[in-house]
file input_33.txt (compact mmCIF, N, CA and C atoms)
# COMPACT_ATOMS: atom_id res chain seq x y z
N MET A 33 -18.04 20.36 -13.06
CA MET A 33 -16.96 19.49 -13.47
C MET A 33 -16.12 19.15 -12.24
N ASP A 34 -15.72 17.89 -12.11
CA ASP A 34 -14.87 17.46 -11.01
C ASP A 34 -13.44 17.91 -11.26
N LYS A 35 -12.69 18.04 -10.18
CA LYS A 35 -11.31 18.47 -10.25
C LYS A 35 -10.40 17.29 -9.91
N LEU A 36 -9.27 17.22 -10.58
CA LEU A 36 -8.30 16.17 -10.34
C LEU A 36 -6.96 16.81 -10.03
N ASP A 37 -6.37 16.45 -8.89
CA ASP A 37 -5.00 16.85 -8.58
C ASP A 37 -4.10 15.69 -8.95
N LEU A 38 -3.17 15.93 -9.86
CA LEU A 38 -2.28 14.88 -10.35
C LEU A 38 -0.86 15.24 -9.97
N THR A 39 -0.18 14.33 -9.31
CA THR A 39 1.21 14.53 -8.94
C THR A 39 2.04 13.49 -9.66
N ILE A 40 3.06 13.94 -10.39
CA ILE A 40 3.95 13.04 -11.10
C ILE A 40 5.23 12.91 -10.30
N ILE A 41 5.51 11.71 -9.86
CA ILE A 41 6.70 11.44 -9.07
C ILE A 41 7.82 11.06 -10.05
N PRO A 42 9.03 11.59 -9.84
CA PRO A 42 10.13 11.29 -10.76
C PRO A 42 10.35 9.79 -10.92
N PRO A 43 10.60 9.34 -12.14
CA PRO A 43 10.85 7.92 -12.38
C PRO A 43 12.30 7.56 -12.02
N LEU A 44 12.58 6.28 -11.96
CA LEU A 44 13.95 5.84 -11.78
C LEU A 44 14.74 6.16 -13.04
N CYS A 45 15.85 6.79 -12.87
CA CYS A 45 16.66 7.16 -14.03
C CYS A 45 18.07 7.43 -13.53
N PRO A 46 19.04 6.85 -14.12
CA PRO A 46 19.00 5.89 -15.23
C PRO A 46 18.73 4.47 -14.75
N LEU A 47 18.31 3.66 -15.68
CA LEU A 47 18.13 2.23 -15.41
C LEU A 47 19.30 1.48 -16.04
N SER A 48 19.83 0.52 -15.31
CA SER A 48 20.95 -0.27 -15.84
C SER A 48 20.46 -1.57 -16.48
N SER A 49 19.16 -1.81 -16.43
CA SER A 49 18.58 -3.01 -17.03
C SER A 49 17.29 -2.65 -17.73
N SER A 50 16.81 -3.57 -18.52
CA SER A 50 15.55 -3.38 -19.21
C SER A 50 14.38 -3.48 -18.23
N THR A 51 13.36 -2.68 -18.44
CA THR A 51 12.16 -2.78 -17.61
C THR A 51 11.42 -4.09 -17.87
N TYR A 52 11.82 -4.81 -18.92
CA TYR A 52 11.21 -6.10 -19.23
C TYR A 52 11.98 -7.28 -18.62
N ASP A 53 13.09 -6.97 -17.92
CA ASP A 53 13.88 -8.00 -17.27
C ASP A 53 13.31 -8.22 -15.87
N PHE A 54 12.41 -9.17 -15.76
CA PHE A 54 11.70 -9.38 -14.50
C PHE A 54 12.58 -9.97 -13.40
N SER A 55 13.79 -10.39 -13.74
CA SER A 55 14.69 -10.91 -12.71
C SER A 55 15.18 -9.79 -11.79
N VAL A 56 15.04 -8.53 -12.21
CA VAL A 56 15.47 -7.39 -11.39
C VAL A 56 14.27 -6.61 -10.85
N ALA A 57 13.08 -7.17 -10.98
CA ALA A 57 11.86 -6.46 -10.56
C ALA A 57 11.90 -6.07 -9.09
N GLY A 58 12.35 -6.96 -8.23
CA GLY A 58 12.41 -6.66 -6.80
C GLY A 58 13.31 -5.47 -6.51
N ASP A 59 14.47 -5.44 -7.17
CA ASP A 59 15.40 -4.32 -6.99
C ASP A 59 14.78 -3.01 -7.48
N LEU A 60 14.12 -3.05 -8.64
CA LEU A 60 13.49 -1.83 -9.17
C LEU A 60 12.37 -1.34 -8.25
N ILE A 61 11.60 -2.26 -7.69
CA ILE A 61 10.54 -1.88 -6.76
C ILE A 61 11.13 -1.23 -5.52
N ASP A 62 12.20 -1.82 -4.98
CA ASP A 62 12.85 -1.26 -3.79
C ASP A 62 13.42 0.13 -4.08
N ARG A 63 14.10 0.27 -5.22
CA ARG A 63 14.67 1.58 -5.59
C ARG A 63 13.57 2.62 -5.77
N ALA A 64 12.48 2.23 -6.42
CA ALA A 64 11.38 3.17 -6.64
C ALA A 64 10.74 3.59 -5.33
N ALA A 65 10.57 2.65 -4.41
CA ALA A 65 9.99 2.98 -3.11
C ALA A 65 10.90 3.93 -2.34
N ASP A 66 12.21 3.66 -2.33
CA ASP A 66 13.16 4.55 -1.65
C ASP A 66 13.18 5.95 -2.27
N LYS A 67 13.21 5.99 -3.59
CA LYS A 67 13.24 7.29 -4.28
C LYS A 67 11.94 8.07 -4.01
N THR A 68 10.82 7.38 -4.01
CA THR A 68 9.54 8.05 -3.75
C THR A 68 9.48 8.58 -2.32
N ARG A 69 9.93 7.79 -1.35
CA ARG A 69 9.96 8.26 0.05
C ARG A 69 10.83 9.52 0.18
N THR A 70 12.00 9.49 -0.43
CA THR A 70 12.90 10.65 -0.38
C THR A 70 12.25 11.87 -1.02
N TRP A 71 11.62 11.66 -2.17
CA TRP A 71 10.97 12.77 -2.88
C TRP A 71 9.83 13.34 -2.04
N LEU A 72 9.04 12.48 -1.43
CA LEU A 72 7.93 12.95 -0.60
C LEU A 72 8.43 13.74 0.61
N LYS A 73 9.53 13.29 1.24
CA LYS A 73 10.08 14.03 2.37
C LYS A 73 10.57 15.41 1.94
N LYS A 74 11.14 15.48 0.75
CA LYS A 74 11.69 16.75 0.26
C LYS A 74 10.61 17.69 -0.26
N HIS A 75 9.66 17.16 -1.03
CA HIS A 75 8.65 17.99 -1.70
C HIS A 75 7.23 17.79 -1.17
N GLY A 76 7.01 16.69 -0.47
CA GLY A 76 5.64 16.37 -0.10
C GLY A 76 4.81 16.27 -1.37
N LEU A 77 3.60 16.69 -1.30
CA LEU A 77 2.77 16.72 -2.52
C LEU A 77 2.61 18.16 -3.00
N ARG A 78 3.58 19.01 -2.66
CA ARG A 78 3.52 20.42 -3.03
C ARG A 78 4.22 20.73 -4.36
N ALA A 79 4.93 19.78 -4.91
CA ALA A 79 5.67 20.03 -6.15
C ALA A 79 4.71 20.47 -7.26
N THR A 80 5.10 21.49 -7.98
CA THR A 80 4.22 22.01 -9.04
C THR A 80 4.89 21.98 -10.41
N SER A 81 6.07 21.40 -10.51
CA SER A 81 6.75 21.35 -11.80
C SER A 81 6.90 19.91 -12.27
N ILE A 82 7.25 19.79 -13.53
CA ILE A 82 7.48 18.47 -14.12
C ILE A 82 8.83 17.97 -13.63
N PRO A 83 8.92 16.73 -13.14
CA PRO A 83 10.21 16.22 -12.69
C PRO A 83 11.25 16.29 -13.81
N GLN A 84 12.45 16.73 -13.48
CA GLN A 84 13.51 16.90 -14.46
C GLN A 84 13.77 15.61 -15.24
N GLU A 85 13.60 14.46 -14.60
CA GLU A 85 13.87 13.18 -15.25
C GLU A 85 12.93 12.90 -16.41
N LEU A 86 11.82 13.63 -16.52
CA LEU A 86 10.87 13.38 -17.61
C LEU A 86 11.19 14.19 -18.86
N TYR A 87 12.11 15.14 -18.75
CA TYR A 87 12.52 15.90 -19.93
C TYR A 87 13.48 15.07 -20.76
N PRO A 88 13.53 15.30 -22.08
CA PRO A 88 14.47 14.55 -22.93
C PRO A 88 15.90 14.72 -22.43
N HIS A 89 16.62 13.62 -22.35
CA HIS A 89 18.00 13.66 -21.90
C HIS A 89 18.71 12.38 -22.34
N GLY A 90 19.98 12.32 -22.13
CA GLY A 90 20.75 11.13 -22.49
C GLY A 90 21.65 10.70 -21.35
N HIS A 91 22.22 9.51 -21.49
CA HIS A 91 23.11 8.98 -20.45
C HIS A 91 24.40 8.55 -21.08

call {"tool": "encode", "arguments": {"input": "input_33.txt", "output": "structure tokens"}}
result
Amino acid sequence: MDKLDLTIIPPLCPLSSSTYDFSVAGDLIDRAADKTRTWLKKHGLRATSIPQELYPHGH
């Protein structure tokens, strides 16, 4: 059986707009890229837990 290493990168949270509002797509892409770069510098691909942002929560 083949092995798969899966890394879940924290999502953008909170969002101030709908993910269906394509007029803010560029901003969301930029924010996601910045957040991912920061996360990679801090954790690399060594993180072994579920990102806190994926647990149920409210704003």

call {"tool": "atom_distance", "arguments": {"input": "input_33.txt", "atom1": "CA of Leu36 in chain A", "atom2": "CA of His89 in chain A"}}
result
28.8 Å

call {"tool": "atom_distance", "arguments": {"input": "input_33.txt", "atom1": "atom C of Val56 in chain A", "atom2": "atom C of Gly76 in chain A"}}
result
26.5 Å

call {"tool": "atom_distance", "arguments": {"input": "input_33.txt", "atom1": "atom C of Ala64 in chain A", "atom2": "atom N of Ser81 in chain A"}}
result
19.1 Å

call {"tool": "select_by_dssp", "arguments": {"input": "input_33.txt", "residues": "chain A", "states": "helix (DSSP H, G or I)", "output": "PDB file with N, CA and C atoms, keeping the file's coordinate frame"}}
result
ATOM      1  N   PHE A  54      12.410  -9.170 -15.760  1.00  0.00           N
ATOM      2  CA  PHE A  54      11.700  -9.380 -14.500  1.00  0.00           C
ATOM      3  C   PHE A  54      12.580  -9.970 -13.400  1.00  0.00           C
ATOM      4  N   SER A  55      13.790 -10.390 -13.740  1.00  0.00           N
ATOM      5  CA  SER A  55      14.690 -10.910 -12.710  1.00  0.00           C
ATOM      6  C   SER A  55      15.180  -9.790 -11.790  1.00  0.00           C
ATOM      7  N   VAL A  56      15.040  -8.530 -12.210  1.00  0.00           N
ATOM      8  CA  VAL A  56      15.470  -7.390 -11.390  1.00  0.00           C
ATOM      9  C   VAL A  56      14.270  -6.610 -10.850  1.00  0.00           C
ATOM     10  N   ALA A  57      13.080  -7.170 -10.980  1.00  0.00           N
ATOM     11  CA  ALA A  57      11.860  -6.460 -10.560  1.00  0.00           C
ATOM     12  C   ALA A  57      11.900  -6.070  -9.090  1.00  0.00           C
ATOM     13  N   GLY A  58      12.350  -6.960  -8.230  1.00  0.00           N
ATOM     14  CA  GLY A  58      12.410  -6.660  -6.800  1.00  0.00           C
ATOM     15  C   GLY A  58      13.310  -5.470  -6.510  1.00  0.00           C
ATOM     16  N   ASP A  59      14.470  -5.440  -7.170  1.00  0.00           N
ATOM     17  CA  ASP A  59      15.400  -4.320  -6.990  1.00  0.00           C
ATOM     18  C   ASP A  59      14.780  -3.010  -7.480  1.00  0.00           C
ATOM     19  N   LEU A  60      14.120  -3.050  -8.640  1.00  0.00           N
ATOM     20  CA  LEU A  60      13.490  -1.830  -9.170  1.00  0.00           C
ATOM     21  C   LEU A  60      12.370  -1.340  -8.250  1.00  0.00           C
ATOM     22  N   ILE A  61      11.600  -2.260  -7.690  1.00  0.00           N
ATOM     23  CA  ILE A  61      10.540  -1.880  -6.760  1.00  0.00           C
ATOM     24  C   ILE A  61      11.130  -1.230  -5.520  1.00  0.00           C
ATOM     25  N   ASP A  62      12.200  -1.820  -4.980  1.00  0.00           N
ATOM     26  CA  ASP A  62      12.850  -1.260  -3.790  1.00  0.00           C
ATOM     27  C   ASP A  62      13.420   0.130  -4.080  1.00  0.00           C
ATOM     28  N   ARG A  63      14.100   0.270  -5.220  1.00  0.00           N
ATOM     29  CA  ARG A  63      14.670   1.580  -5.590  1.00  0.00           C
ATOM     30  C   ARG A  63      13.570   2.620  -5.770  1.00  0.00           C
ATOM     31  N   ALA A  64      12.480   2.230  -6.420  1.00  0.00           N
ATOM     32  CA  ALA A  64      11.380   3.170  -6.640  1.00  0.00           C
ATOM     33  C   ALA A  64      10.740   3.590  -5.330  1.00  0.00           C
ATOM     34  N   ALA A  65      10.570   2.650  -4.410  1.00  0.00           N
ATOM     35  CA  ALA A  65       9.990   2.980  -3.110  1.00  0.00           C
ATOM     36  C   ALA A  65      10.900   3.930  -2.340  1.00  0.00           C
ATOM     37  N   ASP A  66      12.210   3.660  -2.330  1.00  0.00           N
ATOM     38  CA  ASP A  66      13.160   4.550  -1.650  1.00  0.00           C
ATOM     39  C   ASP A  66      13.180   5.950  -2.270  1.00  0.00           C
ATOM     40  N   LYS A  67      13.210   5.990  -3.590  1.00  0.00           N
ATOM     41  CA  LYS A  67      13.240   7.290  -4.280  1.00  0.00           C
ATOM     42  C   LYS A  67      11.940   8.070  -4.010  1.00  0.00           C
ATOM     43  N   THR A  68      10.820   7.380  -4.010  1.00  0.00           N
ATOM     44  CA  THR A  68       9.540   8.050  -3.750  1.00  0.00           C
ATOM     45  C   THR A  68       9.480   8.580  -2.320  1.00  0.00           C
ATOM     46  N   ARG A  69       9.930   7.790  -1.350  1.00  0.00           N
ATOM     47  CA  ARG A  69       9.960   8.260   0.050  1.00  0.00           C
ATOM     48  C   ARG A  69      10.830   9.520   0.180  1.00  0.00           C
ATOM     49  N   THR A  70      12.000   9.490  -0.430  1.00  0.00           N
ATOM     50  CA  THR A  70      12.900  10.650  -0.380  1.00  0.00           C
ATOM     51  C   THR A  70      12.250  11.870  -1.020  1.00  0.00           C
ATOM     52  N   TRP A  71      11.620  11.660  -2.170  1.00  0.00           N
ATOM     53  CA  TRP A  71      10.970  12.770  -2.880  1.00  0.00           C
ATOM     54  C   TRP A  71       9.830  13.340  -2.040  1.00  0.00           C
ATOM     55  N   LEU A  72       9.040  12.480  -1.430  1.00  0.00           N
ATOM     56  CA  LEU A  72       7.930  12.950  -0.600  1.00  0.00           C
ATOM     57  C   LEU A  72       8.430  13.740   0.610  1.00  0.00           C
ATOM     58  N   LYS A  73       9.530  13.290   1.240  1.00  0.00           N
ATOM     59  CA  LYS A  73      10.080  14.030   2.370  1.00  0.00           C
ATOM     60  C   LYS A  73      10.570  15.410   1.940  1.00  0.00           C
ATOM     61  N   LYS A  74      11.140  15.480   0.750  1.00  0.00           N
ATOM     62  CA  LYS A  74      11.690  16.750   0.260  1.00  0.00           C
ATOM     63  C   LYS A  74      10.610  17.690  -0.260  1.00  0.00           C
ATOM     64  N   HIS A  75       9.660  17.160  -1.030  1.00  0.00           N
ATOM     65  CA  HIS A  75       8.650  17.990  -1.700  1.00  0.00           C
ATOM     66  C   HIS A  75       7.230  17.790  -1.170  1.00  0.00           C
ATOM     67  N   GLN A  84      12.450  16.730 -13.480  1.00  0.00           N
ATOM     68  CA  GLN A  84      13.510  16.900 -14.460  1.00  0.00           C
ATOM     69  C   GLN A  84      13.770  15.610 -15.240  1.00  0.00           C
ATOM     70  N   GLU A  85      13.600  14.460 -14.600  1.00  0.00           N
ATOM     71  CA  GLU A  85      13.870  13.180 -15.250  1.00  0.00           C
ATOM     72  C   GLU A  85      12.930  12.900 -16.410  1.00  0.00           C
ATOM     73  N   LEU A  86      11.820  13.630 -16.520  1.00  0.00           N
ATOM     74  CA  LEU A  86      10.870  13.380 -17.610  1.00  0.00           C
ATOM     75  C   LEU A  86      11.190  14.190 -18.860  1.00  0.00           C
TER      76      LEU A  86
END

call {"tool": "closest_residue", "arguments": {"input": "input_33.txt", "among": "A:Tyr52, A:Ile82, A:Pro42, A:Ala57", "to": "Arg69 in chain A", "atoms": "only C-alpha atoms"}}
result
A:Pro42

call {"tool": "residues_around", "arguments": {"input": "input_33.txt", "residues": "Pro43 in chain A", "least_positions_apart": "3", "cutoff": "8 Å", "atoms": "only N, CA and C atoms", "output": "JSON, numbers by chain"}}
result
{"A": [40, 46, 64, 67, 83, 84, 85, 86]}

call {"tool": "residues_near_point", "arguments": {"input": "input_33.txt", "point": "(-1.3, 14.2, -8.6)", "cutoff": "10 Å", "atoms": "only C-alpha atoms", "output": "number ranges by chain"}}
result
A: 36-41, 77-80
